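Novice: Pasting in a structure now, in structure tokens, and then I'll have a few things to ask.
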Amino acid sequence: MAETYRFDVIVIGAGPAGIACACKLAKAGKKTLVIDRAKQVGGKNLTGGRVYTYALELVEPGLHKKAALERPVVREQVMVLSDTSAMSVDYYNPELAEDIPQSYTVLRGNFDDWFAAYAEQQGAVLVDGIRVDDLVIENGQVVGIRAGDDVVYADTVVAADGVNSLVAQQAGLRNQVSSHSVGVGVKETIALPAAAIERRFNLNPGQGVARTILGGTQGIIGGGFLYTNKESVSLGVVLNPDSVAEKGLRLYDVFQEFKMHPALQALLGDGETIEYGAHLVPEAGWRGVPQRLYRPGLVVVGDAAGFVVNTGTILRGIDLAILSGIAAAQAVITAAAPEAVGPAYQKELERLNVIPTMRLYAGWPEITQNPRMASTYPTMMNAMAGQMFTVSGDVPEKINTAMLRIAKQHVGIKNLLADGWKGFRAI
Ligand SMILES: Cc1cc2nc3c(=O)[nH]c(=O)nc-3n(C[C@H](O)[C@H](O)[C@H](O)COP(=O)(O)OP(=O)(O)OC[C@H]3O[C@@H](n4cnc5c(N)ncnc54)[C@H](O)[C@@H]3O)c2cc1C
């Protein structure tokens with residue numbers, strides 16, 4: 001039989017955006033319900049992944065110490081793959097882990113589970129294994145949600161239901177996800193003993209690496225990542241679905257080929273796969289953020305609002321999700337009347353630097369989605385490195401002549417200049 005309930009706020013989705021929001025609301029004494037369709041929160045969520053701690057600290061100072069995190073990142077690496085070789089940049093700075101470490105690697109299942117339990121401790125009510133099917137709208141105002149036969153009412157509904165937000169679509173705030181606006185992420189977690197991780201990645205006990213990888217995806221637009229966890233490594237790719245379809249390849253096969261690259265095999269070879277998953281990630285940047293992020297009774301946060309920045313070297317979705325969740329909670333807490341929540345949310349997004357950050361990175365998708373970034377440039381850079389590090393006994397070619405020759409062979413000077421100029425303007 002149908003039942004009805006009432007809360008101050010209903011949060012749809014128990015990812016980082018929804019939970020951060022619920023924590024703040026519950027702490028402020030708001031009667032808060034969080035609903036997630038997954039049987040176990042975090043069970044289906046996927047991230048590379050790494051979390052920037054400043055966002056957790058905004059939920060509660062010192063929270064990073066309690067959170068289910070893996071290793072503080074002290075090595076930031078960029079790896080560029082040709083078919084057979086690899087060129088890497090390695091930035092090591094132990095200060096990154098001092099005091100409050102800048103970022104930690106993370107396993108989403110564990111992290112989301114912990115974060116949800118933490119929200120419950122603050123007083124939020126969490127219901128999992130229930131999918132929200134519909135919004136309840138009366139006189140243009142969102143007044144609740146429908147899940148199966150159950151209707152739950154609230155002054156404010158927070159759409160934190162991720163990249164493919166049906167709620168934001170039903171509310172008329174965004175269109176259906178299109179293949180141009182998302183990347184599809186594939187990730188494997190590979191078990192390795194802590195000592196092997198530390199030896200292979202040149203780490204002191206407990207320290208971690210975050211590595212982004214260009215190339216190695218058979219020319220498909222996108223890139224890869226590798227993160228070291230306590231006793232496993234997360235390896236994955238985020239690829240452009242149109243580019244995958246154009247090449248007529250299967251995502252799984254592209255990932256397997258990527259994983260078999262000799263430079264990666266040297267790091268992972270004997271590890272055992274313990275988890276495999278795929279998930280969409282917003283890739284349109286600022287252009288993918290809906291023009292309106294609220295309507296009476298509803299605000300949209302996190303991936304549902306398109307708040308992800310990807311520069312090819314940095315992927316930021318979780319921290320922006322947390323920030324937007326906090327912004328929504330602050331708006332509910334401070335707004336004088338329900339109709340003031342939306343405008344207050346927009347202001348909070350500015351104040352917490354979510355909108356300014358998205359705007360700043362507006363040009364990056366043009367760079368990361370340039371097909372030459374997936375194959376031509378990685379191959380060219382490896383050819384240049386090969387030239388620099390080869391000694392044969394012949395009189396070597398002058399270095400600038402050699403570099404120019406290789407650039408001409410791979411990309412052509414016109415394209416190089418055009419891409420360089422576009423890139424310079426975008427950043
Ligand atoms: C492969 C990959 C690697 C990534 N790596 C990183 C990284 O290293 N660092 C980083 O910061 N970001 C990373 N991201 C991005 C990051 O994962 C997201 O930006 C972040 O999870 C967004 O949080 P969210 O709470 O908005 O949405 P989600 O984490 O997607 O949570 C949405 C929740 O809503 C629930 N839900 C959906 N629909 C309904 C419904 N109808 N009813 C009830 N519940 C519903 C889902 O079950 C889910 O729990 C990565 C993403 C991918 C795919």
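Chain labels follow the order of the structure tokens: the first chain is A, the next B, and so on; residue numbering restarts at 1 in every chain, and ligands are counted from 1 in their shown order.
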Report as JSON lines the residues of range 275-369 of chain A within 9 Å of range 21-39 of chain A, each with its shortest atom pair and distance in Å (one decimal), using only C-alpha atoms, ordered by chain and increasing residue number.

Specialist:
{"residue": "A:Ile322", "atom": "CA", "partner": "A:Cys21", "partner_atom": "CA", "distance": 7.4}
{"residue": "A:Leu323", "atom": "CA", "partner": "A:Cys21", "partner_atom": "CA", "distance": 8.6}
{"residue": "A:Ser324", "atom": "CA", "partner": "A:Cys21", "partner_atom": "CA", "distance": 7.9}
{"residue": "A:Gly325", "atom": "CA", "partner": "A:Cys21", "partner_atom": "CA", "distance": 4.2}
{"residue": "A:Ile326", "atom": "CA", "partner": "A:Cys21", "partner_atom": "CA", "distance": 5.0}
{"residue": "A:Ala327", "atom": "CA", "partner": "A:Cys21", "partner_atom": "CA", "distance": 7.7}
{"residue": "A:Ala328", "atom": "CA", "partner": "A:Cys21", "partner_atom": "CA", "distance": 6.5}
{"residue": "A:Ala329", "atom": "CA", "partner": "A:Cys21", "partner_atom": "CA", "distance": 5.2}
{"residue": "A:Gln330", "atom": "CA", "partner": "A:Lys24", "partner_atom": "CA", "distance": 7.6}
{"residue": "A:Val332", "atom": "CA", "partner": "A:Leu25", "partner_atom": "CA", "distance": 7.9}
{"residue": "A:Ile333", "atom": "CA", "partner": "A:Leu25", "partner_atom": "CA", "distance": 7.1}

Novice: Emit the selected residues as a compact mmCIF listing (two decimals), in the first residue's frame, including C-alpha atoms.

Specialist:
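The result, written out as part.txt:
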# COMPACT_ATOMS: atom_id res chain seq x y z
CA ILE A 322 31.41 17.70 -2.16
CA LEU A 323 31.62 21.48 -2.54
CA SER A 324 28.34 21.70 -4.45
CA GLY A 325 26.68 19.45 -1.85
CA ILE A 326 27.88 21.82 0.86
CA ALA A 327 26.66 24.80 -1.19
CA ALA A 328 23.19 23.26 -1.45
CA ALA A 329 23.09 22.54 2.29
CA GLN A 330 24.22 26.08 3.16
CA VAL A 332 18.81 25.43 2.61
CA ILE A 333 20.11 26.34 6.06

Novice: Neighbouring residues of range 198-212 of chain A were defined as those with any atom within 9 Å, considering only C-alpha atoms; residues of the same chain fewer than 4 positions away were excluded. Please report them as a ChimeraX atom specification.

Specialist: /A:49-50,70-80,90,94,97,104-105,193-194,223-230,266-267,312-314

Novice: Excluding Met87 in chain A and residues on its chain fewer than 6 positions from it, collect all residues at most 10 Å away from it, counting only C-alpha atoms, and give them as a PDB file with N, CA and C atoms, in the first residue's frame.

Specialist:
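Below is the file that was written, out-v4.pdb:
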ATOM      1  N   VAL A  78      53.068  11.926 -14.882  1.00  0.00           N
ATOM      2  CA  VAL A  78      52.403  11.920 -16.186  1.00  0.00           C
ATOM      3  C   VAL A  78      53.210  10.980 -17.066  1.00  0.00           C
ATOM      4  N   MET A  79      52.511  10.026 -17.656  1.00  0.00           N
ATOM      5  CA  MET A  79      53.191   9.011 -18.477  1.00  0.00           C
ATOM      6  C   MET A  79      52.647   9.116 -19.899  1.00  0.00           C
ATOM      7  N   VAL A  80      53.548   9.113 -20.873  1.00  0.00           N
ATOM      8  CA  VAL A  80      53.136   9.265 -22.270  1.00  0.00           C
ATOM      9  C   VAL A  80      53.570   8.001 -23.013  1.00  0.00           C
ATOM     10  N   LEU A  81      52.582   7.294 -23.576  1.00  0.00           N
ATOM     11  CA  LEU A  81      52.873   5.995 -24.180  1.00  0.00           C
ATOM     12  C   LEU A  81      52.869   6.044 -25.705  1.00  0.00           C
ATOM     13  N   ILE A 213      47.874   9.056 -17.709  1.00  0.00           N
ATOM     14  CA  ILE A 213      48.558   8.397 -18.824  1.00  0.00           C
ATOM     15  C   ILE A 213      47.943   8.869 -20.142  1.00  0.00           C
ATOM     16  N   LEU A 214      48.815   9.326 -21.019  1.00  0.00           N
ATOM     17  CA  LEU A 214      48.385   9.746 -22.368  1.00  0.00           C
ATOM     18  C   LEU A 214      48.849   8.710 -23.369  1.00  0.00           C
ATOM     19  N   ALA A 263      55.204  -1.047 -20.483  1.00  0.00           N
ATOM     20  CA  ALA A 263      55.581  -0.187 -19.357  1.00  0.00           C
ATOM     21  C   ALA A 263      54.617  -0.376 -18.186  1.00  0.00           C
ATOM     22  N   PRO A 378      51.624  11.640 -28.220  1.00  0.00           N
ATOM     23  CA  PRO A 378      52.378  10.662 -27.422  1.00  0.00           C
ATOM     24  C   PRO A 378      53.446   9.938 -28.235  1.00  0.00           C
ATOM     25  N   THR A 379      53.103   9.563 -29.493  1.00  0.00           N
ATOM     26  CA  THR A 379      54.096   8.857 -30.318  1.00  0.00           C
ATOM     27  C   THR A 379      55.260   9.793 -30.643  1.00  0.00           C
ATOM     28  N   MET A 381      56.315  12.386 -28.914  1.00  0.00           N
ATOM     29  CA  MET A 381      57.163  12.650 -27.737  1.00  0.00           C
ATOM     30  C   MET A 381      58.089  11.483 -27.443  1.00  0.00           C
ATOM     31  N   ASN A 382      57.579  10.280 -27.660  1.00  0.00           N
ATOM     32  CA  ASN A 382      58.437   9.112 -27.457  1.00  0.00           C
ATOM     33  C   ASN A 382      59.540   9.062 -28.504  1.00  0.00           C
ATOM     34  N   ALA A 383      59.197   9.449 -29.747  1.00  0.00           N
ATOM     35  CA  ALA A 383      60.226   9.460 -30.800  1.00  0.00           C
ATOM     36  C   ALA A 383      61.320  10.477 -30.440  1.00  0.00           C
ATOM     37  N   MET A 384      60.902  11.613 -29.899  1.00  0.00           N
ATOM     38  CA  MET A 384      61.886  12.643 -29.503  1.00  0.00           C
ATOM     39  C   MET A 384      62.775  12.127 -28.378  1.00  0.00           C
ATOM     40  N   ALA A 385      62.138  11.469 -27.391  1.00  0.00           N
ATOM     41  CA  ALA A 385      62.927  10.922 -26.276  1.00  0.00           C
ATOM     42  C   ALA A 385      63.884   9.865 -26.799  1.00  0.00           C
ATOM     43  N   GLY A 386      63.393   9.026 -27.726  1.00  0.00           N
ATOM     44  CA  GLY A 386      64.242   7.980 -28.316  1.00  0.00           C
ATOM     45  C   GLY A 386      65.463   8.584 -28.990  1.00  0.00           C
TER      46      GLY A 386
END

Novice: Looking at only C-alpha atoms and all ligand atoms, which of A:Asp150, A:Asp112, A:Asp242, A:Glu120 is the one that sits closest to ligand 1?

Specialist: A:Asp112

Novice: From the DSSP assignment of the backbone, select every residue of range 38-126 of chain A that is strand (DSSP E or B), and format the answer as a VMD selection string.

Specialist: chain A and resid 50 to 52 72 to 81 86 to 92 103 to 105 125 to 126

Novice: List the neighbours of Glu275 in chain A out to 8 Å using only C-alpha atoms; skip same-chain residues closer than 6 positions along the sequence, and give me the result as a list in words.

Specialist: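 Counting only the stated atoms, we get Glu188, Thr189 and Ile190 of chain A.
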